[in-house]
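Undergrad: For reference, the file model.cif (mmCIF, C-alpha atoms) is included below:
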```cif
data_entry
#
loop_
_atom_site.label_atom_id
_atom_site.label_comp_id
_atom_site.auth_asym_id
_atom_site.auth_seq_id
_atom_site.Cartn_x
_atom_site.Cartn_y
_atom_site.Cartn_z
CA MET A 1 -56.47 -67.55 -31.59
CA ALA A 2 -58.46 -67.13 -28.39
CA GLN A 3 -58.76 -70.24 -26.26
CA PRO A 4 -62.10 -71.64 -25.09
CA PHE A 5 -63.58 -69.54 -22.35
CA PRO A 6 -62.31 -70.50 -18.89
CA SER A 7 -63.89 -69.59 -15.60
CA ILE A 8 -62.00 -67.26 -13.30
CA PRO A 9 -61.96 -68.52 -9.70
CA GLY A 10 -63.25 -65.76 -7.47
CA ILE A 11 -65.47 -64.20 -10.18
CA ARG A 12 -69.16 -64.98 -10.75
CA LEU A 13 -71.51 -63.35 -13.27
CA ALA A 14 -75.19 -63.17 -14.13
CA ALA A 15 -77.03 -61.45 -16.96
CA VAL A 16 -80.77 -60.80 -16.63
CA PRO A 17 -83.48 -58.70 -18.32
CA ALA A 18 -84.31 -55.47 -16.48
CA LYS A 19 -86.20 -53.76 -19.31
CA VAL A 20 -83.97 -50.70 -19.20
CA LYS A 21 -85.37 -50.16 -22.69
CA ASP A 22 -88.42 -51.64 -24.36
CA TRP A 23 -86.63 -54.70 -25.68
CA GLN A 24 -86.68 -58.45 -25.10
CA ARG A 25 -83.14 -59.27 -24.00
CA ASP A 26 -80.76 -59.36 -21.06
CA ASP A 27 -79.61 -55.82 -20.33
CA LEU A 28 -78.31 -55.99 -16.77
CA LEU A 29 -75.03 -57.63 -15.76
CA LEU A 30 -73.93 -58.33 -12.20
CA ILE A 31 -70.34 -59.36 -11.50
CA ASP A 32 -69.53 -60.70 -8.04
CA ILE A 33 -65.89 -60.43 -6.92
CA ALA A 34 -64.37 -62.48 -4.12
CA GLU A 35 -63.09 -60.73 -1.02
CA GLY A 36 -59.41 -59.83 -1.24
CA ALA A 37 -59.33 -59.31 -5.00
CA ALA A 38 -57.56 -56.28 -6.48
CA VAL A 39 -59.61 -54.07 -8.80
CA SER A 40 -58.29 -51.23 -10.98
CA ALA A 41 -59.95 -49.10 -13.62
CA THR A 42 -59.56 -46.28 -16.08
CA PHE A 43 -62.40 -43.93 -16.98
CA THR A 44 -63.45 -41.52 -19.72
CA GLN A 45 -61.72 -38.15 -20.01
CA ASN A 46 -64.94 -36.51 -21.22
CA ALA A 47 -65.66 -33.54 -18.92
CA PHE A 48 -69.39 -34.33 -19.09
CA CYS A 49 -68.82 -37.78 -17.61
CA ALA A 50 -71.84 -39.78 -16.52
CA ALA A 51 -73.17 -40.19 -12.99
CA PRO A 52 -72.05 -43.84 -12.70
CA VAL A 53 -68.52 -42.80 -13.68
CA LEU A 54 -68.43 -40.23 -10.88
CA VAL A 55 -69.74 -42.76 -8.36
CA ALA A 56 -67.39 -45.51 -9.55
CA LYS A 57 -64.38 -43.18 -9.32
CA GLU A 58 -65.30 -42.36 -5.74
CA HIS A 59 -65.92 -45.96 -4.71
CA ILE A 60 -62.79 -47.44 -6.29
CA GLN A 61 -60.61 -45.01 -4.34
CA GLN A 62 -61.85 -46.64 -1.15
CA GLY A 63 -60.79 -50.12 -2.26
CA GLY A 64 -62.28 -53.46 -1.32
CA ILE A 65 -64.50 -53.62 -4.41
CA ARG A 66 -66.84 -56.64 -4.33
CA ALA A 67 -69.24 -56.15 -7.24
CA LEU A 68 -69.86 -54.45 -10.57
CA LEU A 69 -73.31 -53.61 -11.94
CA ILE A 70 -73.64 -52.76 -15.63
CA ASN A 71 -76.79 -51.77 -17.48
CA ALA A 72 -77.27 -51.29 -21.22
CA GLY A 73 -79.82 -49.01 -22.87
CA ASN A 74 -79.42 -45.93 -20.70
CA ALA A 75 -76.19 -44.01 -20.03
CA ASN A 76 -77.41 -42.09 -16.95
CA ALA A 77 -75.35 -39.18 -18.31
CA ALA A 78 -76.28 -35.49 -18.25
CA THR A 79 -78.86 -36.37 -15.59
CA GLY A 80 -77.73 -34.01 -12.82
CA GLU A 81 -78.15 -34.73 -9.14
CA GLN A 82 -80.90 -37.25 -9.84
CA GLY A 83 -78.44 -39.29 -11.89
CA LEU A 84 -76.05 -39.52 -8.94
CA LEU A 85 -78.89 -40.54 -6.63
CA ASP A 86 -79.97 -43.20 -9.11
CA ALA A 87 -76.46 -44.64 -9.48
CA ASN A 88 -76.08 -44.80 -5.70
CA ARG A 89 -79.49 -46.45 -5.33
CA CYS A 90 -78.36 -49.16 -7.74
CA CYS A 91 -75.21 -49.71 -5.66
CA ALA A 92 -77.35 -49.99 -2.54
CA GLY A 93 -79.54 -52.58 -4.25
CA VAL A 94 -76.52 -54.72 -5.09
CA ALA A 95 -75.13 -54.28 -1.58
CA GLU A 96 -78.36 -55.57 -0.07
CA ALA A 97 -78.49 -58.56 -2.42
CA LEU A 98 -74.86 -59.60 -1.87
CA GLY A 99 -74.31 -58.59 1.74
CA VAL A 100 -71.61 -56.02 1.03
CA SER A 101 -71.49 -52.26 1.46
CA ALA A 102 -72.72 -49.89 -1.25
CA GLN A 103 -69.23 -48.36 -1.43
CA GLN A 104 -67.91 -51.75 -2.53
CA VAL A 105 -70.03 -51.66 -5.70
CA LEU A 106 -69.03 -50.00 -8.97
CA PRO A 107 -71.93 -48.94 -11.25
CA PHE A 108 -71.65 -48.68 -15.04
CA SER A 109 -74.19 -47.61 -17.65
CA THR A 110 -74.22 -47.38 -21.43
CA GLY A 111 -76.87 -46.23 -23.87
CA VAL A 112 -78.87 -43.08 -24.51
CA ILE A 113 -77.56 -39.86 -22.91
CA GLY A 114 -79.84 -37.39 -21.15
CA GLU A 115 -82.58 -39.75 -19.97
CA HIS A 116 -83.11 -40.78 -16.36
CA LEU A 117 -82.33 -44.34 -15.39
CA PRO A 118 -85.37 -46.61 -14.83
CA VAL A 119 -84.09 -47.35 -11.35
CA GLN A 120 -87.03 -49.39 -10.14
CA ASN A 121 -86.69 -51.79 -13.07
CA ILE A 122 -83.03 -52.31 -12.22
CA LEU A 123 -83.65 -52.70 -8.48
CA SER A 124 -86.35 -55.28 -9.19
CA ALA A 125 -83.96 -57.31 -11.38
CA ILE A 126 -80.95 -57.30 -9.04
CA PRO A 127 -82.18 -60.12 -6.73
CA SER A 128 -82.71 -62.36 -9.74
CA ALA A 129 -79.20 -61.61 -10.95
CA ALA A 130 -77.75 -62.33 -7.52
CA ALA A 131 -79.53 -65.68 -7.41
CA GLN A 132 -78.15 -66.68 -10.84
CA LEU A 133 -74.48 -65.83 -10.30
CA ARG A 134 -72.16 -68.46 -11.74
CA PRO A 135 -68.51 -68.63 -12.80
CA ASP A 136 -69.15 -69.56 -16.45
CA GLY A 137 -71.31 -66.61 -17.52
CA TRP A 138 -68.83 -64.63 -19.62
CA GLU A 139 -70.43 -65.08 -23.04
CA SER A 140 -73.93 -64.14 -21.86
CA ALA A 141 -72.37 -61.25 -19.96
CA ALA A 142 -70.79 -59.91 -23.16
CA ALA A 143 -74.17 -60.01 -24.92
CA ALA A 144 -75.98 -58.24 -22.07
CA ILE A 145 -73.85 -55.08 -22.24
CA MET A 146 -74.27 -54.48 -26.00
CA THR A 147 -76.03 -51.42 -27.40
CA THR A 148 -75.47 -50.86 -31.15
CA ASP A 149 -72.97 -53.72 -31.23
CA THR A 150 -73.83 -56.42 -33.75
CA ARG A 151 -72.03 -59.16 -31.82
CA PRO A 152 -70.57 -59.85 -28.36
CA LYS A 153 -66.87 -59.14 -27.89
CA THR A 154 -64.85 -61.65 -25.89
CA ALA A 155 -61.22 -62.70 -25.52
CA SER A 156 -59.20 -65.05 -23.35
CA ARG A 157 -55.63 -66.19 -22.77
CA SER A 158 -53.78 -68.46 -20.35
CA VAL A 159 -50.20 -68.60 -19.10
CA THR A 160 -48.33 -70.96 -16.78
CA ILE A 161 -46.57 -69.42 -13.81
CA ALA A 162 -44.67 -71.56 -11.27
CA GLY A 163 -46.37 -74.62 -12.71
CA GLU A 164 -49.89 -73.23 -12.28
CA LYS A 165 -52.24 -72.24 -15.08
CA ILE A 166 -53.34 -68.60 -14.89
CA SER A 167 -56.37 -67.53 -16.94
CA ILE A 168 -57.35 -64.14 -18.32
CA VAL A 169 -60.84 -63.43 -19.66
CA GLY A 170 -62.26 -60.20 -21.06
CA ILE A 171 -65.47 -58.80 -22.50
CA ALA A 172 -66.19 -55.42 -24.06
CA LYS A 173 -68.91 -53.43 -25.76
CA GLY A 174 -68.62 -50.59 -28.21
CA ALA A 175 -69.33 -49.81 -31.84
CA GLY A 176 -69.77 -46.03 -32.07
CA MET A 177 -68.76 -42.83 -30.26
CA ILE A 178 -65.31 -44.43 -30.18
CA GLN A 179 -62.17 -42.36 -29.69
CA PRO A 180 -59.26 -42.58 -27.22
CA ASN A 181 -59.37 -41.36 -23.62
CA MET A 182 -61.19 -43.70 -23.83
CA ALA A 183 -63.80 -44.67 -26.32
CA THR A 184 -68.09 -45.42 -26.14
CA MET A 185 -66.98 -48.55 -24.66
CA LEU A 186 -66.98 -50.61 -21.57
CA ALA A 187 -64.45 -53.39 -20.97
CA TYR A 188 -64.03 -55.86 -18.14
CA VAL A 189 -60.97 -58.09 -17.90
CA ALA A 190 -60.36 -60.57 -15.09
CA THR A 191 -57.55 -62.92 -14.10
CA ASP A 192 -57.11 -65.35 -11.22
CA ALA A 193 -53.50 -64.21 -10.78
CA ARG A 194 -52.34 -62.66 -7.52
CA ILE A 195 -51.30 -59.11 -8.40
CA PRO A 196 -50.74 -56.40 -5.78
CA GLN A 197 -52.98 -53.34 -6.07
CA ASP A 198 -50.21 -50.91 -7.01
CA VAL A 199 -48.91 -53.22 -9.73
CA LEU A 200 -52.44 -53.74 -11.07
CA ASP A 201 -53.01 -49.97 -11.13
CA SER A 202 -49.97 -49.52 -13.38
CA LEU A 203 -50.83 -52.54 -15.49
CA VAL A 204 -54.33 -51.35 -16.40
CA GLN A 205 -52.89 -48.03 -17.55
CA GLU A 206 -50.34 -49.79 -19.76
CA ALA A 207 -52.94 -52.17 -21.16
CA VAL A 208 -55.35 -49.37 -22.05
CA ALA A 209 -52.57 -47.30 -23.64
CA ALA A 210 -51.69 -50.26 -25.87
CA SER A 211 -55.27 -51.07 -26.83
CA PHE A 212 -58.38 -48.97 -26.26
CA ASN A 213 -56.50 -45.69 -26.55
CA ARG A 214 -55.36 -46.68 -30.05
CA ILE A 215 -58.76 -47.13 -31.64
CA SER A 216 -61.18 -44.77 -33.33
CA VAL A 217 -64.47 -45.33 -35.09
CA ASP A 218 -65.71 -41.75 -35.35
CA GLY A 219 -63.50 -39.52 -33.19
CA ASP A 220 -66.09 -38.94 -30.45
CA THR A 221 -65.25 -39.65 -26.81
CA SER A 222 -68.13 -40.98 -24.74
CA THR A 223 -69.39 -39.79 -21.38
CA ASN A 224 -69.38 -43.33 -19.96
CA ASP A 225 -66.20 -45.14 -20.96
CA ALA A 226 -64.48 -47.43 -18.51
CA CYS A 227 -62.06 -50.34 -18.48
CA VAL A 228 -61.85 -52.50 -15.36
CA LEU A 229 -59.09 -55.01 -14.60
CA ILE A 230 -59.69 -57.52 -11.80
CA ALA A 231 -57.13 -59.86 -10.22
CA SER A 232 -58.99 -62.31 -7.99
CA GLY A 233 -55.78 -63.71 -6.49
CA ALA A 234 -57.16 -67.24 -6.42
CA THR A 235 -54.33 -68.99 -8.27
CA GLY A 236 -50.57 -69.11 -8.24
CA PRO A 237 -47.86 -67.15 -6.44
CA GLU A 238 -48.02 -63.38 -6.07
CA VAL A 239 -46.74 -61.65 -9.21
CA ALA A 240 -45.26 -58.51 -7.69
CA ASP A 241 -41.81 -58.16 -9.27
CA THR A 242 -42.38 -56.14 -12.44
CA HIS A 243 -38.90 -57.11 -13.66
CA SER A 244 -39.53 -60.86 -13.46
CA ASP A 245 -40.16 -63.23 -16.36
CA ALA A 246 -43.44 -64.25 -14.72
CA TYR A 247 -44.69 -60.66 -14.75
CA ALA A 248 -43.59 -60.13 -18.36
CA GLN A 249 -45.46 -63.26 -19.40
CA LEU A 250 -48.61 -62.30 -17.50
CA LYS A 251 -48.48 -58.69 -18.69
CA ALA A 252 -48.18 -59.78 -22.33
CA ALA A 253 -51.23 -62.03 -21.98
CA ILE A 254 -53.33 -59.34 -20.27
CA ILE A 255 -52.39 -56.72 -22.86
CA GLY A 256 -53.13 -59.28 -25.57
CA VAL A 257 -56.69 -59.66 -24.28
CA HIS A 258 -57.12 -55.87 -24.23
CA ILE A 259 -55.82 -55.53 -27.80
CA GLU A 260 -58.10 -58.29 -29.09
CA LEU A 261 -61.12 -56.61 -27.50
CA ALA A 262 -60.10 -53.18 -28.83
CA GLN A 263 -59.69 -54.49 -32.36
CA ALA A 264 -63.06 -56.26 -32.12
CA ILE A 265 -64.69 -52.90 -31.33
CA VAL A 266 -63.23 -51.33 -34.48
CA LYS A 267 -64.18 -54.32 -36.62
CA ASP A 268 -67.73 -53.97 -35.31
CA GLY A 269 -67.75 -50.20 -35.78
CA GLU A 270 -71.21 -48.93 -36.66
CA GLY A 271 -71.65 -49.78 -40.33
CA ALA A 272 -67.94 -50.55 -40.76
CA THR A 273 -66.77 -52.61 -43.73
CA LYS A 274 -63.01 -52.05 -43.41
CA PHE A 275 -60.50 -52.57 -40.58
CA VAL A 276 -57.43 -50.40 -41.17
CA THR A 277 -54.15 -50.08 -39.30
CA VAL A 278 -52.56 -46.64 -39.62
CA GLN A 279 -48.80 -46.90 -39.01
CA VAL A 280 -46.58 -43.82 -38.70
CA ASN A 281 -42.85 -44.55 -38.74
CA ASN A 282 -39.70 -42.57 -38.04
CA ALA A 283 -41.49 -39.71 -36.31
CA ALA A 284 -39.80 -37.23 -34.00
CA SER A 285 -41.90 -38.30 -31.00
CA SER A 286 -44.66 -40.65 -29.93
CA GLU A 287 -47.04 -37.71 -29.63
CA GLU A 288 -46.30 -36.62 -33.19
CA ALA A 289 -46.74 -40.12 -34.58
CA LEU A 290 -50.02 -40.78 -32.79
CA SER A 291 -51.40 -37.34 -33.65
CA MET A 292 -50.73 -37.97 -37.32
CA ALA A 293 -52.12 -41.50 -37.21
CA PHE A 294 -55.36 -40.26 -35.65
CA GLU A 295 -55.57 -37.34 -38.09
CA ILE A 296 -55.55 -39.88 -40.91
CA GLY A 297 -57.77 -42.43 -39.19
CA GLU A 298 -60.43 -39.93 -38.15
CA SER A 299 -60.63 -37.84 -41.32
CA PRO A 300 -64.18 -38.14 -42.74
CA LEU A 301 -62.72 -37.75 -46.23
CA VAL A 302 -60.28 -40.60 -45.70
CA LYS A 303 -62.92 -42.78 -44.04
CA THR A 304 -65.45 -42.30 -46.85
CA ALA A 305 -62.74 -43.10 -49.41
CA LEU A 306 -62.08 -46.30 -47.49
CA TYR A 307 -65.74 -47.22 -47.72
CA ALA A 308 -65.80 -46.53 -51.45
CA SER A 309 -62.61 -48.58 -51.95
CA ASP A 310 -61.24 -45.46 -53.63
CA PRO A 311 -57.44 -45.04 -53.23
CA ASN A 312 -57.75 -41.25 -53.26
CA TRP A 313 -54.25 -40.68 -51.89
CA GLY A 314 -54.66 -36.90 -51.99
CA ARG A 315 -56.86 -37.27 -48.91
CA LEU A 316 -54.05 -39.08 -47.11
CA VAL A 317 -51.48 -36.35 -47.75
CA MET A 318 -54.10 -33.76 -46.77
CA ALA A 319 -54.52 -35.47 -43.39
CA ILE A 320 -50.76 -35.80 -42.92
CA GLY A 321 -50.37 -32.07 -43.51
CA ASN A 322 -53.19 -31.29 -41.07
CA ALA A 323 -51.58 -33.22 -38.20
CA GLY A 324 -49.67 -30.22 -36.87
CA ALA A 325 -46.13 -31.65 -37.11
CA THR A 326 -43.69 -28.77 -36.66
CA ASP A 327 -41.42 -27.95 -39.62
CA LEU A 328 -42.53 -31.04 -41.51
CA ASP A 329 -40.36 -31.67 -44.58
CA THR A 330 -42.87 -33.18 -47.00
CA SER A 331 -40.13 -33.96 -49.54
CA LYS A 332 -38.96 -36.80 -47.28
CA ILE A 333 -42.36 -38.44 -46.78
CA SER A 334 -43.29 -41.84 -48.17
CA VAL A 335 -46.75 -43.44 -47.97
CA TYR A 336 -47.66 -47.09 -48.53
CA LEU A 337 -50.86 -49.11 -48.82
CA ASP A 338 -49.63 -52.45 -47.48
CA ASN A 339 -46.52 -52.90 -49.66
CA VAL A 340 -47.73 -50.65 -52.47
CA GLN A 341 -45.91 -47.30 -52.40
CA ILE A 342 -48.14 -44.39 -53.39
CA VAL A 343 -46.06 -41.42 -52.24
CA ASP A 344 -42.29 -41.07 -52.63
CA ALA A 345 -40.29 -37.96 -51.70
CA GLY A 346 -43.51 -36.05 -51.15
CA GLY A 347 -45.07 -36.84 -54.53
CA ARG A 348 -46.70 -39.68 -56.40
CA ALA A 349 -44.38 -42.69 -56.54
CA SER A 350 -43.24 -43.50 -60.08
CA SER A 351 -44.05 -47.18 -59.51
CA TYR A 352 -47.61 -46.52 -58.32
CA THR A 353 -50.61 -47.51 -60.38
CA GLU A 354 -54.25 -46.85 -59.65
CA ASP A 355 -54.98 -50.53 -60.15
CA ALA A 356 -52.48 -51.55 -57.45
CA GLY A 357 -53.96 -49.04 -55.00
CA GLN A 358 -57.49 -50.16 -55.84
CA LYS A 359 -56.66 -53.79 -55.07
CA VAL A 360 -55.45 -52.86 -51.58
CA PHE A 361 -58.43 -50.61 -50.85
CA GLU A 362 -60.81 -53.38 -51.83
CA GLN A 363 -59.45 -55.61 -49.06
CA ALA A 364 -61.39 -55.90 -45.79
CA GLU A 365 -58.17 -55.33 -43.81
CA PHE A 366 -54.99 -53.47 -44.74
CA THR A 367 -52.38 -51.01 -43.47
CA ILE A 368 -51.70 -47.38 -44.37
CA SER A 369 -48.05 -46.65 -43.56
CA VAL A 370 -46.40 -43.22 -43.42
CA ASP A 371 -42.63 -42.80 -43.18
CA LEU A 372 -41.66 -39.29 -42.00
CA GLN A 373 -37.87 -39.81 -41.90
CA ARG A 374 -37.44 -37.32 -39.05
CA GLY A 375 -36.84 -39.51 -36.01
CA ASN A 376 -36.92 -43.09 -34.78
CA VAL A 377 -40.38 -43.38 -33.18
CA ASN A 378 -43.02 -45.72 -34.61
CA GLU A 379 -46.69 -45.77 -33.53
CA HIS A 380 -49.95 -47.22 -34.81
CA ILE A 381 -53.71 -47.01 -34.36
CA TRP A 382 -56.70 -48.99 -35.64
CA THR A 383 -59.65 -47.41 -37.42
CA CYS A 384 -62.48 -48.21 -39.84
CA ASP A 385 -64.45 -46.65 -42.67
CA PHE A 386 -67.61 -44.50 -42.71
CA SER A 387 -70.53 -46.10 -44.51
CA HIS A 388 -74.13 -45.15 -45.24
CA GLU A 389 -75.06 -47.53 -42.43
CA TYR A 390 -73.15 -45.43 -39.87
CA VAL A 391 -75.40 -42.46 -40.63
CA THR A 392 -78.52 -44.63 -40.52
CA ILE A 393 -77.63 -46.21 -37.16
CA ASN A 394 -76.91 -42.87 -35.51
CA ALA A 395 -79.82 -41.05 -37.10
CA GLU A 396 -82.21 -43.70 -35.79
CA TYR A 397 -80.43 -44.42 -32.47
CA ARG A 398 -83.29 -43.20 -30.25
CA THR A 399 -86.15 -44.59 -32.35
#
```
Let me see whether you can do it: turn the structure in this file into structure tokens.
TA:
Amino acid sequence: MAQPFPSIPGIRLAAVPAKVKDWQRDDLLLIDIAEGAAVSATFTQNAFCAAPVLVAKEHIQQGGIRALLINAGNANAATGEQGLLDANRCCAGVAEALGVSAQQVLPFSTGVIGEHLPVQNILSAIPSAAAQLRPDGWESAAAAIMTTDTRPKTASRSVTIAGEKISIVGIAKGAGMIQPNMATMLAYVATDARIPQDVLDSLVQEAVAASFNRISVDGDTSTNDACVLIASGATGPEVADTHSDAYAQLKAAIIGVHIELAQAIVKDGEGATKFVTVQVNNAASSEEALSMAFEIGESPLVKTALYASDPNWGRLVMAIGNAGATDLDTSKISVYLDNVQIVDAGGRASSYTEDAGQKVFEQAEFTISVDLQRGNVNEHIWTCDFSHEYVTINAEYRT
């Protein structure tokens, strides 16, 4: 269970209303980072990536990042040269308010694609955000970055290294357009640990691979995804030896925060009523196992069956067969719903009953397991169902 939210020395936050959209809520988040902190990030693999992603990628390469600016309600994606100018103007506004350079600011946006950013609204709100920066603003920060989310997503952990308590805090947003590499999501995780830049760069990649790149709501990869990991360096000894017990302990806690946030996104998937783990065991390779897991977890036919609580196992074997596994021997495949076997040796298990399958499918959370018996690699992903509400939310997204 997540611990009460700590502050992270060296990190201050403020959420304010900027009226990015016509709503009455905070929609602009400013994160101030102490000098000397290490900052790493991963970004969307969508070729049509948004202007703030392009600017953030450029700025983070230069190092010395001192601030993040995140707006909800407008993605500033597919906005051409004007979008880049707008993202850079926002960085300049933060730079002026905090006394840093514009290249030390990373911009992030989430919301409607194809509309220009209301830059003046954001610039007018930045001074207010700068004046309200405080170390205990994580929960309000999580609420400010939401779009179709129904609730804020937060997580925290702590570990003790060399007798000193190290804290990790994370927030995320995302409910739809969720698929790996990465997903419509933004995530910000911070720790007061001292972690060298090269170690942090590797750690964020590992954390994302174990978390956000294992979730899917609808199979669509956003133009704006990003995950940022910050190590303020304010507490404890430097954790530089990746073979040490201290690093293993810290890494486990950081990845744990990422996984909790990733699972929260799936559980809050647009209109979702089910949270499902898809486990593929004894595959020939990690790639094969993950490909099959995602084929199952992203199949509209499987996802609608999940919503209906209908254990239509024919849809599961259909997805398994569509996963592209080379020379797949279906006579060796077994499929389980939790501990209920539905497929044995490629056909319906003799012990299976529709009632047993129905009871599993009616649960809010359960696991679909596939045993391929063709290797020793096991992988998993997390997904959800498709409901009527998913269609409603996305049909009315711009209204």
Undergrad: Here's the selection I'm unsure about, the PyMOL selection byres ((chain A and resi 124-136) around 10); applied to the file above, which residues does it give, as a PyMOL selection string?
TA: chain A and resi 5-19+28-32+69+90+93-98+119-123+137-141
Undergrad: Next, dump the selected residues to file, keeping only C-alpha atoms, as a compact mmCIF listing (two decimals), in the frame of the given file.
TA:
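Just written: result.txt:
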```
# COMPACT_ATOMS: atom_id res chain seq x y z
CA PHE A 5 -63.58 -69.54 -22.35
CA PRO A 6 -62.31 -70.50 -18.89
CA SER A 7 -63.89 -69.59 -15.60
CA ILE A 8 -62.00 -67.26 -13.30
CA PRO A 9 -61.96 -68.52 -9.70
CA GLY A 10 -63.25 -65.76 -7.47
CA ILE A 11 -65.47 -64.20 -10.18
CA ARG A 12 -69.16 -64.98 -10.75
CA LEU A 13 -71.51 -63.35 -13.27
CA ALA A 14 -75.19 -63.17 -14.13
CA ALA A 15 -77.03 -61.45 -16.96
CA VAL A 16 -80.77 -60.80 -16.63
CA PRO A 17 -83.48 -58.70 -18.32
CA ALA A 18 -84.31 -55.47 -16.48
CA LYS A 19 -86.20 -53.76 -19.31
CA LEU A 28 -78.31 -55.99 -16.77
CA LEU A 29 -75.03 -57.63 -15.76
CA LEU A 30 -73.93 -58.33 -12.20
CA ILE A 31 -70.34 -59.36 -11.50
CA ASP A 32 -69.53 -60.70 -8.04
CA LEU A 69 -73.31 -53.61 -11.94
CA CYS A 90 -78.36 -49.16 -7.74
CA GLY A 93 -79.54 -52.58 -4.25
CA VAL A 94 -76.52 -54.72 -5.09
CA ALA A 95 -75.13 -54.28 -1.58
CA GLU A 96 -78.36 -55.57 -0.07
CA ALA A 97 -78.49 -58.56 -2.42
CA LEU A 98 -74.86 -59.60 -1.87
CA VAL A 119 -84.09 -47.35 -11.35
CA GLN A 120 -87.03 -49.39 -10.14
CA ASN A 121 -86.69 -51.79 -13.07
CA ILE A 122 -83.03 -52.31 -12.22
CA LEU A 123 -83.65 -52.70 -8.48
CA GLY A 137 -71.31 -66.61 -17.52
CA TRP A 138 -68.83 -64.63 -19.62
CA GLU A 139 -70.43 -65.08 -23.04
CA SER A 140 -73.93 -64.14 -21.86
CA ALA A 141 -72.37 -61.25 -19.96
```
Undergrad: Could you list, as a ChimeraX atom specification, every residue matched by the PyMOL selection byres ((chain A and resi 81) around 12) in this structure?
TA: /A:50-52,54-55,76-80,82-88,116
Undergrad: With all atoms listed in the file counted, which protein, DNA or RNA residues have an atom no more than 9 Å from (-40.3, -37.7, -53.0) in the file frame? Please answer as a list of chain:residue names.
TA: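 Residues with an atom at most 9 Å from (-40.3, -37.7, -53.0): A:Thr330, A:Ser331, A:Lys332, A:Ile333, A:Ser334, A:Val343, A:Asp344, A:Ala345, A:Gly346, A:Gly347, A:Arg348, A:Ala349.
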Undergrad: Between A:Ala193, A:Ile60, A:Ala34, A:Val340, which residue has the minimum interatomic distance to Tyr247 of chain A, considering only C-alpha atoms?
TA: A:Ala193
Undergrad: Quick check on the file I pasted: which residues fall under the PyMOL selection byres ((chain A and resi 318-328) around 6)? Write them as a ChimeraX atom specification.
TA: /A:292,295-296,315-317,329-330
Undergrad: Counting only C-alpha atoms, figure out which residue out of A:Ser285, A:Gln358, A:Thr191, A:Gln45 gets nearest to Val377 of chain A.
TA: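 Checking each candidate against Val377 of chain A, we get A:Ser285 as the closest.
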Undergrad: Residues within 7 Å of Glu164 of chain A, please, as a compact mmCIF listing (two decimals) with C-alpha atoms, in the coordinates of the input. Count only C-alpha atoms; anything in the same chain fewer than 3 positions from it doesn't count.
TA:
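Written out: part.txt:
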```txt
# COMPACT_ATOMS: atom_id res chain seq x y z
CA THR A 160 -48.33 -70.96 -16.78
CA ILE A 161 -46.57 -69.42 -13.81
CA GLY A 236 -50.57 -69.11 -8.24
```
Undergrad: Taking all atoms of segment 241-259 of chain A that the file lists and extending 5 Å past them on each side, where is the centre of the axis-aligned box and how long are its edges? Answer in Å to one decimal, as lines of an AutoDock Vina configuration file.
TA:
```
center_x = -48.0
center_y = -59.9
center_z = -18.5
size_x = 28.2
size_y = 18.7
size_z = 28.5
```
Undergrad: Restricting the calculation to all atoms listed in the file: of A:Ala364, A:Leu372, A:Val53, A:Leu186, which residue gets closest to Cys384 of chain A?
TA: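 Checking each of A:Ala364, A:Leu372, A:Val53, A:Leu186 against Cys384 of chain A, counting all atoms listed in the file, the winner is A:Ala364.
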Undergrad: One decimal, in Å: what's the spacing between atom CA of Trp313 of chain A and atom CA of Ser351 of chain A?
TA: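 For atom CA of Trp313 of chain A relative to atom CA of Ser351 of chain A, the distance reads 14.3 Å.
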Undergrad: Using all atoms listed in the file, can you tell me which of A:Pro118, A:Ala41, A:Ala253, A:Thr304 comes closest to Tyr188 of chain A?
TA: A:Ala41
Undergrad: Atoms are missing here; could segment 332-340 of chain A be completed with N, CA and C atoms and written as an mmCIF file, keeping the file's coordinate frame?
TA:
```
data_model
loop_
_atom_site.group_PDB
_atom_site.id
_atom_site.type_symbol
_atom_site.label_atom_id
_atom_site.label_comp_id
_atom_site.auth_asym_id
_atom_site.auth_seq_id
_atom_site.Cartn_x
_atom_site.Cartn_y
_atom_site.Cartn_z
ATOM 1 N N LYS A 332 -39.538 -35.560 -47.790
ATOM 2 C CA LYS A 332 -38.960 -36.800 -47.280
ATOM 3 C C LYS A 332 -40.018 -37.876 -47.004
ATOM 4 N N ILE A 333 -41.290 -37.541 -47.192
ATOM 5 C CA ILE A 333 -42.360 -38.440 -46.780
ATOM 6 C C ILE A 333 -42.659 -39.494 -47.832
ATOM 7 N N SER A 334 -42.835 -40.738 -47.327
ATOM 8 C CA SER A 334 -43.290 -41.840 -48.170
ATOM 9 C C SER A 334 -44.576 -42.403 -47.564
ATOM 10 N N VAL A 335 -45.488 -42.853 -48.420
ATOM 11 C CA VAL A 335 -46.750 -43.440 -47.970
ATOM 12 C C VAL A 335 -46.975 -44.751 -48.704
ATOM 13 N N TYR A 336 -47.412 -45.768 -47.954
ATOM 14 C CA TYR A 336 -47.660 -47.090 -48.530
ATOM 15 C C TYR A 336 -49.066 -47.564 -48.190
ATOM 16 N N LEU A 337 -49.668 -48.325 -49.087
ATOM 17 C CA LEU A 337 -50.860 -49.110 -48.820
ATOM 18 C C LEU A 337 -50.400 -50.562 -48.811
ATOM 19 N N ASP A 338 -50.331 -51.178 -47.630
ATOM 20 C CA ASP A 338 -49.630 -52.450 -47.480
ATOM 21 C C ASP A 338 -48.233 -52.282 -48.058
ATOM 22 N N ASN A 339 -47.865 -53.054 -49.082
ATOM 23 C CA ASN A 339 -46.520 -52.900 -49.660
ATOM 24 C C ASN A 339 -46.517 -52.122 -50.968
ATOM 25 N N VAL A 340 -47.627 -51.468 -51.262
ATOM 26 C CA VAL A 340 -47.730 -50.650 -52.470
ATOM 27 C C VAL A 340 -47.384 -49.203 -52.133
#
```
